[in-house]
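Have a look at structure-v2.txt below; it lists compact mmCIF, C-alpha atoms.
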```
# COMPACT_ATOMS: atom_id res chain seq x y z
CA MET A 46 106.13 89.17 104.08
CA GLU A 47 108.05 90.58 107.00
CA SER A 48 107.13 93.83 108.61
CA THR A 49 109.16 96.73 107.33
CA VAL A 50 109.35 98.30 110.76
CA ALA A 51 112.23 97.64 113.05
CA SER A 52 111.10 97.01 116.59
CA GLY A 53 111.50 99.90 118.95
CA ARG A 54 111.51 102.56 116.27
CA ARG A 55 108.79 105.19 116.32
CA PRO A 56 106.63 105.07 113.18
CA GLY A 57 106.84 108.19 111.03
CA TYR A 58 106.40 109.47 107.49
CA GLY A 59 110.10 109.21 106.68
CA GLN A 60 110.20 105.57 107.69
CA LEU A 61 106.96 104.89 105.82
CA LEU A 62 108.28 106.37 102.58
CA ARG A 63 111.40 104.20 102.83
CA THR A 64 109.23 101.10 102.55
CA ALA A 65 110.58 98.99 99.69
CA GLY A 66 108.71 99.63 96.45
CA ALA A 67 106.46 102.34 97.90
CA TRP A 68 107.31 105.04 95.39
CA THR A 69 106.52 102.77 92.45
CA PHE A 70 102.81 102.91 93.32
CA LEU A 71 102.62 106.21 95.22
CA LEU A 72 103.45 108.52 92.32
CA PRO A 73 101.20 106.82 89.73
CA GLY A 74 98.51 106.49 92.41
CA PHE A 75 98.64 110.21 93.13
CA ALA A 76 98.27 111.03 89.45
CA ALA A 77 95.40 108.58 89.02
CA ARG A 78 93.33 109.79 91.98
CA GLN A 79 93.72 113.49 91.22
CA PRO A 80 90.61 113.70 88.99
CA PHE A 81 88.36 112.07 91.62
CA ALA A 82 87.80 115.34 93.50
CA MET A 83 86.91 117.09 90.23
CA LEU A 84 83.99 114.85 89.24
CA THR A 85 81.07 115.97 91.42
CA ILE A 86 81.80 119.69 91.31
CA SER A 87 82.37 119.52 87.53
CA ILE A 88 78.98 117.86 87.03
CA VAL A 89 77.24 120.36 89.33
CA LEU A 90 78.75 123.36 87.55
CA LEU A 91 78.06 122.01 84.04
CA VAL A 92 74.48 120.88 84.63
CA GLN A 93 73.59 123.98 86.65
CA HIS A 94 74.86 126.09 83.73
CA THR A 95 72.82 124.21 81.14
CA THR A 96 69.62 123.76 83.19
CA GLY A 97 69.73 126.72 85.56
CA SER A 98 68.75 124.49 88.48
CA TYR A 99 70.85 123.43 91.46
CA GLY A 100 68.28 120.72 92.13
CA SER A 101 68.80 119.15 88.71
CA ALA A 102 72.56 119.56 88.96
CA GLY A 103 72.60 117.93 92.39
CA ALA A 104 70.36 115.11 91.21
CA VAL A 105 72.63 114.23 88.26
CA ALA A 106 75.67 114.35 90.53
CA ALA A 107 73.77 112.19 93.03
CA VAL A 108 73.06 109.53 90.39
CA THR A 109 76.79 109.43 89.68
CA GLY A 110 77.54 109.06 93.39
CA VAL A 111 74.93 106.36 93.98
CA SER A 112 76.18 104.44 90.97
CA MET A 113 79.73 104.62 92.26
CA ALA A 114 78.65 103.57 95.76
CA LEU A 115 76.85 100.51 94.40
CA PHE A 116 79.53 99.40 91.97
CA ALA A 117 82.70 100.33 93.90
CA PRO A 118 82.51 97.34 96.30
CA GLN A 119 82.02 95.01 93.36
CA SER A 120 85.06 96.55 91.73
CA GLY A 121 87.00 95.99 94.95
CA LYS A 122 85.83 92.39 95.18
CA LEU A 123 86.89 91.74 91.57
CA ALA A 124 90.27 93.37 92.25
CA ASP A 125 90.78 91.10 95.28
CA ARG A 126 89.93 88.08 93.14
CA PHE A 127 91.51 88.83 89.76
CA GLY A 128 94.02 91.61 90.45
CA GLN A 129 93.86 95.39 90.25
CA ARG A 130 95.07 95.72 86.66
CA ALA A 131 92.29 93.46 85.35
CA VAL A 132 89.69 95.82 86.83
CA LEU A 133 91.40 99.17 86.21
CA VAL A 134 92.10 99.02 82.48
CA PRO A 135 88.53 98.41 81.25
CA GLY A 136 87.18 100.65 84.00
CA VAL A 137 89.06 103.79 82.99
CA LEU A 138 88.16 103.25 79.34
CA VAL A 139 84.46 103.07 80.20
CA HIS A 140 84.76 106.11 82.48
CA ALA A 141 86.35 108.27 79.81
CA ALA A 142 83.69 107.30 77.25
CA SER A 143 80.72 107.81 79.58
CA GLY A 144 82.12 111.12 80.87
CA ALA A 145 82.35 112.33 77.28
CA ALA A 146 78.77 111.21 76.62
CA LEU A 147 77.50 113.06 79.70
CA THR A 148 79.28 116.22 78.57
CA VAL A 149 77.82 116.08 75.07
CA LEU A 150 74.29 115.43 76.35
CA ALA A 151 74.46 118.32 78.83
CA LEU A 152 75.68 120.76 76.19
CA ALA A 153 72.98 119.55 73.81
CA ASP A 154 70.28 120.44 76.40
CA ALA A 155 69.21 116.82 76.61
CA PRO A 156 66.40 116.00 79.06
CA VAL A 157 67.41 115.26 82.63
CA TRP A 158 66.56 111.58 82.27
CA ALA A 159 69.22 111.31 79.53
CA LEU A 160 71.76 112.91 81.85
CA PHE A 161 70.80 110.37 84.49
CA ALA A 162 71.38 107.55 81.99
CA ALA A 163 74.88 108.83 81.20
CA ALA A 164 75.63 109.46 84.88
CA VAL A 165 75.15 105.78 85.79
CA PRO A 166 78.17 104.38 83.87
CA THR A 167 80.18 107.49 84.71
CA GLY A 168 79.83 106.77 88.42
CA ALA A 169 80.01 102.99 88.12
CA SER A 170 83.37 103.17 86.35
CA VAL A 171 85.12 105.60 88.72
CA PRO A 172 88.49 103.89 89.37
CA GLN A 173 88.99 103.00 93.04
CA ILE A 174 92.58 104.20 93.21
CA GLY A 175 92.54 105.19 96.89
CA PRO A 176 91.38 101.76 98.12
CA MET A 177 93.83 100.06 95.77
CA VAL A 178 96.74 102.11 97.10
CA ARG A 179 95.64 101.38 100.68
CA SER A 180 95.48 97.69 99.82
CA ARG A 181 99.06 97.85 98.49
CA TRP A 182 100.20 99.47 101.72
CA ALA A 183 98.43 96.79 103.75
CA ALA A 184 100.05 94.03 101.71
CA ARG A 185 103.53 95.46 102.26
CA LEU A 186 103.19 96.47 105.92
CA GLN A 187 101.05 93.56 107.22
CA GLY A 188 100.45 94.25 110.89
CA SER A 189 103.17 96.88 111.23
CA PRO A 190 102.63 99.94 113.45
CA LEU A 191 103.21 101.93 110.28
CA MET A 192 99.69 101.01 109.11
CA SER A 193 98.25 103.96 111.05
CA THR A 194 100.89 106.23 109.52
CA ALA A 195 100.04 104.88 106.07
CA ALA A 196 96.33 105.56 106.69
CA ALA A 197 97.18 109.13 107.69
CA PHE A 198 99.44 109.58 104.67
CA GLU A 199 96.69 108.36 102.35
CA SER A 200 94.18 110.70 103.95
CA VAL A 201 96.56 113.62 103.43
CA THR A 202 97.05 112.57 99.81
CA ASP A 203 93.29 112.30 99.31
CA GLU A 204 92.71 115.68 100.84
CA PHE A 205 95.45 117.29 98.81
CA THR A 206 93.46 116.22 95.77
CA PHE A 207 90.41 117.87 97.37
CA VAL A 208 92.42 121.06 97.71
CA VAL A 209 93.58 121.01 94.09
CA GLY A 210 90.66 119.26 92.37
CA PRO A 211 87.74 121.61 93.18
CA VAL A 212 89.88 124.69 92.60
CA LEU A 213 91.05 123.36 89.23
CA ALA A 214 87.56 122.25 88.20
CA THR A 215 86.00 125.55 89.21
CA ALA A 216 88.71 127.53 87.41
CA LEU A 217 88.21 125.50 84.23
CA CYS A 218 84.39 125.68 84.35
CA THR A 219 84.18 129.40 85.16
CA GLY A 220 87.26 130.62 83.30
CA ALA A 221 87.38 128.44 80.20
CA HIS A 222 84.10 126.62 79.49
CA PRO A 223 81.38 125.02 81.67
CA ALA A 224 82.31 121.60 80.26
CA ALA A 225 86.07 121.99 80.69
CA GLY A 226 86.14 120.53 84.20
CA LEU A 227 84.40 117.28 83.25
CA ILE A 228 86.49 116.90 80.10
CA ALA A 229 89.70 117.36 82.07
CA GLU A 230 88.50 114.85 84.70
CA SER A 231 87.87 112.19 82.04
CA VAL A 232 91.24 112.70 80.34
CA LEU A 233 93.19 112.68 83.61
CA THR A 234 91.37 109.58 84.85
CA LEU A 235 92.22 107.70 81.67
CA ALA A 236 95.91 108.65 81.65
CA GLY A 237 96.47 108.28 85.40
CA GLY A 238 94.54 105.03 85.67
CA LEU A 239 96.48 103.33 82.89
CA LEU A 240 99.76 104.49 84.44
CA PHE A 241 98.80 103.07 87.84
CA ALA A 242 97.59 99.81 86.31
CA ALA A 243 101.01 99.34 84.71
CA GLN A 244 102.64 98.99 88.18
CA ARG A 245 102.30 95.21 88.44
CA ARG A 246 105.12 94.46 90.87
CA THR A 247 103.43 96.12 93.86
CA GLN A 248 99.99 94.72 93.11
CA PRO A 249 98.72 92.66 96.09
CA ALA A 250 98.28 88.94 95.64
CA HIS A 251 94.80 88.29 94.31
CA GLY A 252 92.32 85.55 95.19
CA HIS A 253 93.85 82.82 93.07
CA SER A 254 97.19 83.33 94.85
CA LEU A 255 95.89 83.23 98.44
CA ALA A 256 96.21 79.91 100.17
CA ASP A 257 93.51 80.27 102.80
CA ALA A 258 90.30 78.93 101.22
CA ARG A 259 88.17 80.08 104.12
CA SER A 260 89.53 83.59 103.70
CA LYS A 261 88.51 83.55 100.06
CA ARG A 262 84.87 83.13 100.98
CA THR A 263 84.87 86.07 103.37
CA SER A 264 82.87 89.12 102.32
CA ALA A 265 83.99 92.41 103.84
CA LEU A 266 80.39 93.47 104.45
CA SER A 267 79.79 90.35 106.55
CA VAL A 268 82.05 91.90 109.21
CA PRO A 269 79.81 93.91 111.62
CA GLY A 270 82.50 96.54 112.19
CA VAL A 271 82.66 97.31 108.47
CA ARG A 272 78.93 98.00 108.42
CA VAL A 273 79.28 100.40 111.36
CA LEU A 274 82.19 102.16 109.69
CA ALA A 275 80.16 102.43 106.49
CA VAL A 276 77.49 104.38 108.38
CA ALA A 277 80.17 106.69 109.78
CA PHE A 278 81.53 107.25 106.30
CA LEU A 279 78.02 107.98 105.00
CA GLY A 280 77.97 110.87 107.45
CA ILE A 281 81.33 112.10 106.21
CA GLY A 282 80.00 111.92 102.66
CA SER A 283 77.09 114.14 103.70
CA VAL A 284 79.63 116.78 104.71
CA PHE A 285 81.44 116.62 101.37
CA GLY A 286 78.23 116.75 99.33
CA GLY A 287 76.49 119.36 101.43
CA MET A 288 79.55 121.61 101.37
CA GLN A 289 80.04 121.33 97.61
CA VAL A 290 76.49 122.33 96.66
CA SER A 291 75.96 124.86 99.45
CA LEU A 292 79.28 126.64 98.85
CA THR A 293 78.47 126.85 95.14
CA ALA A 294 75.03 128.29 95.90
CA PHE A 295 76.45 130.70 98.52
CA THR A 296 79.08 132.17 96.19
CA GLU A 297 76.46 132.52 93.45
CA GLU A 298 74.16 134.36 95.87
CA ILE A 299 76.84 136.91 96.77
CA GLY A 300 77.89 137.35 93.11
CA GLN A 301 81.38 135.83 93.54
CA PRO A 302 81.24 132.36 91.95
CA GLY A 303 85.03 132.24 91.64
CA MET A 304 85.26 132.10 95.46
CA ASN A 305 83.73 128.63 95.46
CA GLY A 306 87.00 126.83 94.76
CA LEU A 307 88.84 128.85 97.40
CA LEU A 308 86.25 128.16 100.12
CA TYR A 309 86.17 124.45 99.36
CA GLY A 310 89.95 124.48 99.21
CA LEU A 311 90.06 125.89 102.78
CA PHE A 312 87.78 123.09 103.92
CA ALA A 313 90.02 120.50 102.27
CA ALA A 314 93.16 122.21 103.58
CA GLY A 315 91.91 121.79 107.15
CA ASN A 316 91.40 118.12 106.42
CA MET A 317 94.91 117.79 105.00
CA LEU A 318 96.58 119.60 107.90
CA ALA A 319 94.77 117.44 110.44
CA GLY A 320 95.79 114.34 108.51
CA LEU A 321 99.44 115.36 108.69
CA ALA A 322 99.14 115.84 112.45
CA VAL A 323 97.36 112.52 113.03
CA GLY A 324 100.10 110.61 111.22
CA ALA A 325 102.91 112.42 113.02
CA ILE A 326 101.61 111.82 116.57
CA ALA A 327 102.50 108.67 118.52
CA TRP A 328 98.99 107.97 119.82
CA LYS A 329 98.43 106.30 123.19
CA THR A 330 94.67 106.25 122.65
CA GLY A 331 93.31 103.52 120.41
CA PRO A 332 91.64 104.29 117.06
CA ARG A 333 88.13 103.39 118.21
CA ARG A 334 88.15 106.02 120.94
CA ARG A 335 89.78 108.56 118.62
CA LEU A 336 87.03 107.92 116.11
CA MET A 337 84.35 108.70 118.70
CA ILE A 338 86.05 111.90 119.85
CA GLY A 339 86.82 113.12 116.34
CA TYR A 340 83.31 112.38 115.09
CA ALA A 341 81.73 114.26 118.00
CA GLY A 342 83.89 117.27 117.14
CA LEU A 343 82.91 116.99 113.48
CA THR A 344 79.21 117.02 114.39
CA VAL A 345 79.59 120.11 116.56
CA ALA A 346 81.57 121.96 113.88
CA ALA A 347 79.06 121.03 111.14
CA SER A 348 76.21 122.38 113.27
CA LEU A 349 77.60 125.91 112.91
CA LEU A 350 77.87 126.08 109.11
CA TRP A 351 74.32 127.29 108.46
CA THR A 352 74.92 130.35 110.67
CA ALA A 353 77.69 131.76 108.42
CA HIS A 354 76.70 134.76 106.29
CA SER A 355 80.09 136.06 105.18
CA VAL A 356 82.95 134.63 103.12
CA VAL A 357 85.44 135.06 105.97
CA LEU A 358 83.30 133.31 108.57
CA LEU A 359 82.31 130.53 106.19
CA GLY A 360 85.94 129.98 105.23
CA ALA A 361 86.95 129.77 108.90
CA LEU A 362 84.14 127.34 109.76
CA GLY A 363 84.93 125.23 106.70
CA LEU A 364 88.54 125.00 107.84
CA VAL A 365 87.45 123.82 111.31
CA VAL A 366 85.09 121.20 109.84
CA GLY A 367 87.96 119.93 107.70
CA LEU A 368 90.18 119.61 110.77
CA PHE A 369 87.76 117.07 112.25
CA ILE A 370 87.15 115.01 109.11
CA ALA A 371 90.70 113.67 108.75
CA PRO A 372 90.85 111.99 112.19
CA ALA A 373 87.55 110.24 111.51
CA LEU A 374 88.62 109.02 108.08
CA ILE A 375 92.07 107.90 109.18
CA THR A 376 90.93 105.98 112.23
CA GLY A 377 88.14 104.37 110.21
CA TYR A 378 90.57 103.11 107.60
CA THR A 379 93.01 102.01 110.32
CA LEU A 380 90.33 99.85 111.93
CA VAL A 381 89.91 97.87 108.69
CA ASP A 382 93.25 96.09 109.16
CA PRO A 383 92.38 94.26 112.42
CA LEU A 384 88.76 93.67 111.41
CA VAL A 385 88.98 92.32 107.85
CA PRO A 386 90.83 89.32 106.33
CA ALA A 387 93.58 90.15 103.85
CA SER A 388 91.64 88.63 100.96
CA ALA A 389 88.80 91.14 101.41
CA ARG A 390 90.75 94.32 102.18
CA THR A 391 90.27 96.07 98.85
CA GLU A 392 86.56 95.29 99.01
CA ALA A 393 86.38 96.69 102.55
CA PHE A 394 88.15 99.90 101.53
CA THR A 395 85.82 100.29 98.55
CA TRP A 396 82.75 99.80 100.77
CA LEU A 397 83.96 102.73 102.85
CA THR A 398 84.80 104.83 99.81
CA GLY A 399 81.43 103.90 98.33
CA ALA A 400 79.71 104.93 101.56
CA VAL A 401 81.32 108.36 101.29
CA ALA A 402 80.09 108.59 97.69
CA LEU A 403 76.57 107.49 98.66
CA GLY A 404 76.43 110.01 101.49
CA GLN A 405 77.72 112.67 99.14
CA ALA A 406 75.11 111.74 96.54
CA ALA A 407 72.25 112.01 99.01
CA ALA A 408 73.66 115.27 100.36
CA VAL A 409 74.03 117.00 97.00
CA THR A 410 70.44 116.05 96.13
CA VAL A 411 68.92 117.29 99.38
CA ALA A 412 71.20 120.32 99.67
CA GLY A 413 70.45 121.25 96.05
CA ARG A 414 66.69 121.14 96.69
CA LEU A 415 67.06 123.16 99.88
CA ALA A 416 69.28 125.74 98.18
CA ASP A 417 66.77 126.14 95.34
CA ALA A 418 63.85 126.53 97.75
CA TYR A 419 65.28 128.38 100.73
CA GLY A 420 68.74 129.67 99.80
CA ALA A 421 72.30 128.52 100.33
CA SER A 422 72.21 128.58 104.14
CA ALA A 423 69.52 125.88 104.22
CA GLY A 424 71.82 123.50 102.38
CA PHE A 425 74.30 123.60 105.26
CA ALA A 426 71.76 121.79 107.45
CA VAL A 427 72.57 118.60 105.52
CA PRO A 428 76.08 118.04 106.98
CA LEU A 429 74.68 118.56 110.47
CA ALA A 430 71.90 115.99 110.01
CA GLY A 431 74.21 113.44 108.37
CA THR A 432 76.94 113.59 111.00
CA ALA A 433 74.49 113.63 113.92
CA LEU A 434 72.76 110.45 112.74
CA ALA A 435 76.09 108.73 112.07
CA LEU A 436 77.44 109.73 115.49
CA ALA A 437 74.39 108.23 117.19
CA THR A 438 74.99 104.98 115.30
CA LEU A 439 78.68 104.94 116.24
CA VAL A 440 77.94 105.43 119.92
CA ALA A 441 75.25 102.75 119.95
CA LEU A 442 77.28 100.13 118.04
CA ARG A 443 80.85 100.99 119.07
CA SER A 444 81.44 97.49 120.49
CA ARG A 445 81.31 96.07 116.95
CA LEU A 446 84.47 97.98 116.06
CA ALA A 447 86.55 95.68 118.29
CA PRO A 448 88.04 92.62 116.52
CA LYS A 449 87.20 89.20 117.95
CA ALA A 450 89.74 87.70 120.32
CA SER A 451 90.73 85.12 117.72
CA GLY A 452 90.99 87.69 115.03
CA ARG A 453 94.40 88.92 114.56
CA VAL A 454 92.92 88.49 111.10
CA ALA A 455 93.75 85.26 109.35
CA ALA A 456 95.54 85.11 106.02
CA ARG A 457 97.78 88.01 106.88
CA GLY A 458 100.82 86.15 105.68
CA ILE A 459 103.07 86.61 108.71
CA GLY A 460 104.33 84.08 111.17
CA HIS A 461 103.70 86.04 114.35
CA ARG A 462 100.81 87.90 115.91
CA VAL A 463 100.87 91.62 116.33
CA PRO A 464 98.87 93.10 119.20
CA VAL A 465 96.11 95.40 117.98
CA THR A 466 94.84 98.21 120.23
CA VAL A 467 91.40 99.45 119.29
CA ASP A 468 90.50 101.51 122.37
```

Spell out the structure here as structure tokens.
Amino acid sequence: MESTVASGRRPGYGQLLRTAGAWTFLLPGFAARQPFAMLTISIVLLVQHTTGSYGSAGAVAAVTGVSMALFAPQSGKLADRFGQRAVLVPGVLVHAASGAALTVLALADAPVWALFAAAVPTGASVPQIGPMVRSRWAARLQGSPLMSTAAAFESVTDEFTFVVGPVLATALCTGAHPAAGLIAESVLTLAGGLLFAAQRRTQPAHGHSLADARSKRTSALSVPGVRVLAVAFLGIGSVFGGMQVSLTAFTEEIGQPGMNGLLYGLFAAGNMLAGLAVGAIAWKTGPRRRLMIGYAGLTVAASLLWTAHSVVLLGALGLVVGLFIAPALITGYTLVDPLVPASARTEAFTWLTGAVALGQAAAVTVAGRLADAYGASAGFAVPLAGTALALATLVALRSRLAPKASGRVAARGIGHRVPVTVD
């Protein structure tokens, strides 16, 4: 497929959105990913209400996240091999059923082990809409300079869901019923997922349609750079998880639980605004260097969260933390294109998404325990620890984020090579 970018034209959002067929998967994809940001916070609010423990609530949410992290790459691998529709349709059906089971068990005051059992299929069946949309962009743009713009656009879209999702889930759980958030998440996932799965024309070619047999055997995790990026995304997940639990505990401590959605929305809004800026700038610095700089800023910003003791200060710090997350996410996703063969792209994107979920799962567990034992402020130490460890790994292994000299990534389906700048 030819690049959709005319040479000499500066990549931008307008040009990206004029890509042939883009709107046929963007709108359904937006609808289908909307519930994703509602899941963890809905589980935390429901289980905390029924058990009275942030530790138990965080643990159940963590089981969901771990399950998703373990199964998401397998879902991506199956989508690369058999097509996205073949994975999505049964997945959203299972997710809706298991989400309903988790809700019923929580309301019935079932033991925590029963909630864990229901949380496993709930997390395992989370539809990987974001990676699937990114894979569709990659298939249509194939080496174009618009890939970075597409990564930024997807980050903005993701973060818009993190602005709307937690606010909506919190409003439903606190204003309607503690189970309303999880019920809404299950229904929206089912409807949105089936709608996205129906868009067959923009679905990337799957394994049986790819000619390069060597490419078929490539596992995304066998690429060293993907493993390094997964560690970086684990750290980002620790920010998401630590913020969700600690903000919930903080607003409960001050007697204003309804402020939780607003504070998390400010955090996500910073992420979204930064994503817009990253996609609009014509960068002269390569994504690898931008990743290092952005991640260092994220670590510094996260180190200040535990010092906040007022809603205003915490909202401001959350906004700043969000401003640094988007550059790290966008550059990480951008680096996948030169590092990973086309036949393993969806799997690579799901490894990164799964790493975020795994980091989030660990963070909600640890932050929940700390909040129970020492108060909300202690939970904010989790994002600091997670990002600091990930930054150290990035600095030590940064050379693995450069593609091999031969790797303008085989099986890309274009007849010319496109220079890739990583520094």

> Out of A:Ala114, A:Ala430, A:Leu152, A:Ala389, which residue has the shortest atom-to-atom distance to A:Ser170 when counting all atoms listed in the file?
Replying inline: A:Ala114

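Each of A:Gly286, A:Thr391, A:Ala408, A:Gly57 was checked against A:Leu123 using all atoms listed in the file; the smallest atom-to-atom distance is that of A:Thr391.
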
Where does stretch 208-324 of chain A meet stretch 350-372 of chain A within 9 Å, residue by residue, with the nearest atom pair and distance in Å to one decimal for each, counting only C-alpha atoms, listed by chain and rising number, as a tab-separated table?
```
residue	atom	partner	partner_atom	distance
A:Ile281	CA	A:Ile370	CA	7.1
A:Val284	CA	A:Val366	CA	8.7
A:Met288	CA	A:Gly363	CA	8.4
A:Leu292	CA	A:Leu359	CA	8.8
A:Phe295	CA	A:His354	CA	8.8
A:Thr296	CA	A:Val356	CA	8.3
A:Met304	CA	A:Val356	CA	8.4
A:Leu307	CA	A:Gly360	CA	8.4
A:Leu308	CA	A:Gly360	CA	5.4
A:Tyr309	CA	A:Gly363	CA	7.5
A:Gly310	CA	A:Leu364	CA	8.8
A:Leu311	CA	A:Leu364	CA	5.4
A:Phe312	CA	A:Leu364	CA	4.4
A:Ala313	CA	A:Gly367	CA	5.8
A:Ala314	CA	A:Leu364	CA	6.9
A:Gly315	CA	A:Gly367	CA	4.4
A:Asn316	CA	A:Gly367	CA	4.1
A:Met317	CA	A:Ala371	CA	7.0
A:Leu318	CA	A:Leu368	CA	7.0
A:Ala319	CA	A:Leu368	CA	5.1
A:Gly320	CA	A:Ala371	CA	5.1
A:Leu321	CA	A:Ala371	CA	8.9
A:Val323	CA	A:Pro372	CA	6.6
```

> Using only C-alpha atoms, can you list as a PyMOL selection string the residues within 10 Å of (83.7, 110.3, 78.7)?
Replying inline: chain A and resi 137-149+163+166-167+227-232+234-235

Can those selected residues be exported to a file as a compact mmCIF listing (two decimals), in the coordinates of the input so that it contains C-alpha atoms?
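part_12.txt, written as the output of this step:
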```
# COMPACT_ATOMS: atom_id res chain seq x y z
CA VAL A 137 89.06 103.79 82.99
CA LEU A 138 88.16 103.25 79.34
CA VAL A 139 84.46 103.07 80.20
CA HIS A 140 84.76 106.11 82.48
CA ALA A 141 86.35 108.27 79.81
CA ALA A 142 83.69 107.30 77.25
CA SER A 143 80.72 107.81 79.58
CA GLY A 144 82.12 111.12 80.87
CA ALA A 145 82.35 112.33 77.28
CA ALA A 146 78.77 111.21 76.62
CA LEU A 147 77.50 113.06 79.70
CA THR A 148 79.28 116.22 78.57
CA VAL A 149 77.82 116.08 75.07
CA ALA A 163 74.88 108.83 81.20
CA PRO A 166 78.17 104.38 83.87
CA THR A 167 80.18 107.49 84.71
CA LEU A 227 84.40 117.28 83.25
CA ILE A 228 86.49 116.90 80.10
CA ALA A 229 89.70 117.36 82.07
CA GLU A 230 88.50 114.85 84.70
CA SER A 231 87.87 112.19 82.04
CA VAL A 232 91.24 112.70 80.34
CA THR A 234 91.37 109.58 84.85
CA LEU A 235 92.22 107.70 81.67
```

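Atom CA of A:Gly121 sits 10.0 Å away from atom CA of A:Ala265.
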
> With only C-alpha atoms as the atoms that count, which of A:Ser101, A:Leu429, A:Thr194, A:Arg246 lies nearest to A:Trp328?
Replying inline: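 Looking only at the distances to A:Trp328, the closest residue turns out to be A:Thr194.
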
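The two atoms in question, atom CA of A:Leu62 and atom CA of A:Trp182, are spaced 10.7 Å apart.
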
>> So the first atom is atom CA of A:Ser200 and the second is atom CA of A:Val171; what is the distance between them in Å, to one decimal place?
In response: 18.4 Å

>> Restricting the calculation to all atoms listed in the file: of A:Thr96, A:Gln405, A:Thr219, A:Thr410, which residue gets closest to A:Thr432?
In response: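 Comparing A:Thr96, A:Gln405, A:Thr219, A:Thr410 against A:Thr432, the winner is A:Gln405.
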
> Given the choices A:Thr247, A:Gly270, A:Val132, A:Phe394, which gets closest to A:Thr69 if the distance is worked out from all atoms listed in the file?
Replying inline: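 Selected residue with least distance to A:Thr69: A:Thr247.
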
> Closest to A:Arg333 among A:Pro302, A:Gly424, A:Pro383, A:Pro223, using only C-alpha atoms?
Replying inline: A:Pro383

> Can you tell me, as a list in words, what residues are no more than 8 Å from A:Phe70 when counting only C-alpha atoms, ignoring any on the same chain fewer than 6 positions away?
Replying inline: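 Counting only the stated atoms, we get Val178, Phe241, Gln244 and Thr247 of chain A.
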
Any chance you could work out the axis-aligned box around stretch 81-93 of chain A, listed atoms only, 6 Å on each side, giving centre and edge lengths in Å to one decimal, as AutoDock Vina command-line options?
```
--center_x 81.0 --center_y 118.0 --center_z 88.8 --size_x 26.8 --size_y 23.9 --size_z 21.5
```

> Which residues, written as a ChimeraX atom specification, have at least one atom at most 8 Å from A:Pro249, with only C-alpha atoms counted and residues fewer than 2 positions away on the same chain left out?
Replying inline: /A:128,180-181,184,247,251

>> Taking 5 positions as the minimum chain separation for residues in the same chain, which residues sit within 6 Å of stretch 411-420 of chain A when counting only C-alpha atoms? Answer as a PyMOL selection string.
In response: chain A and resi 99-100+103+287
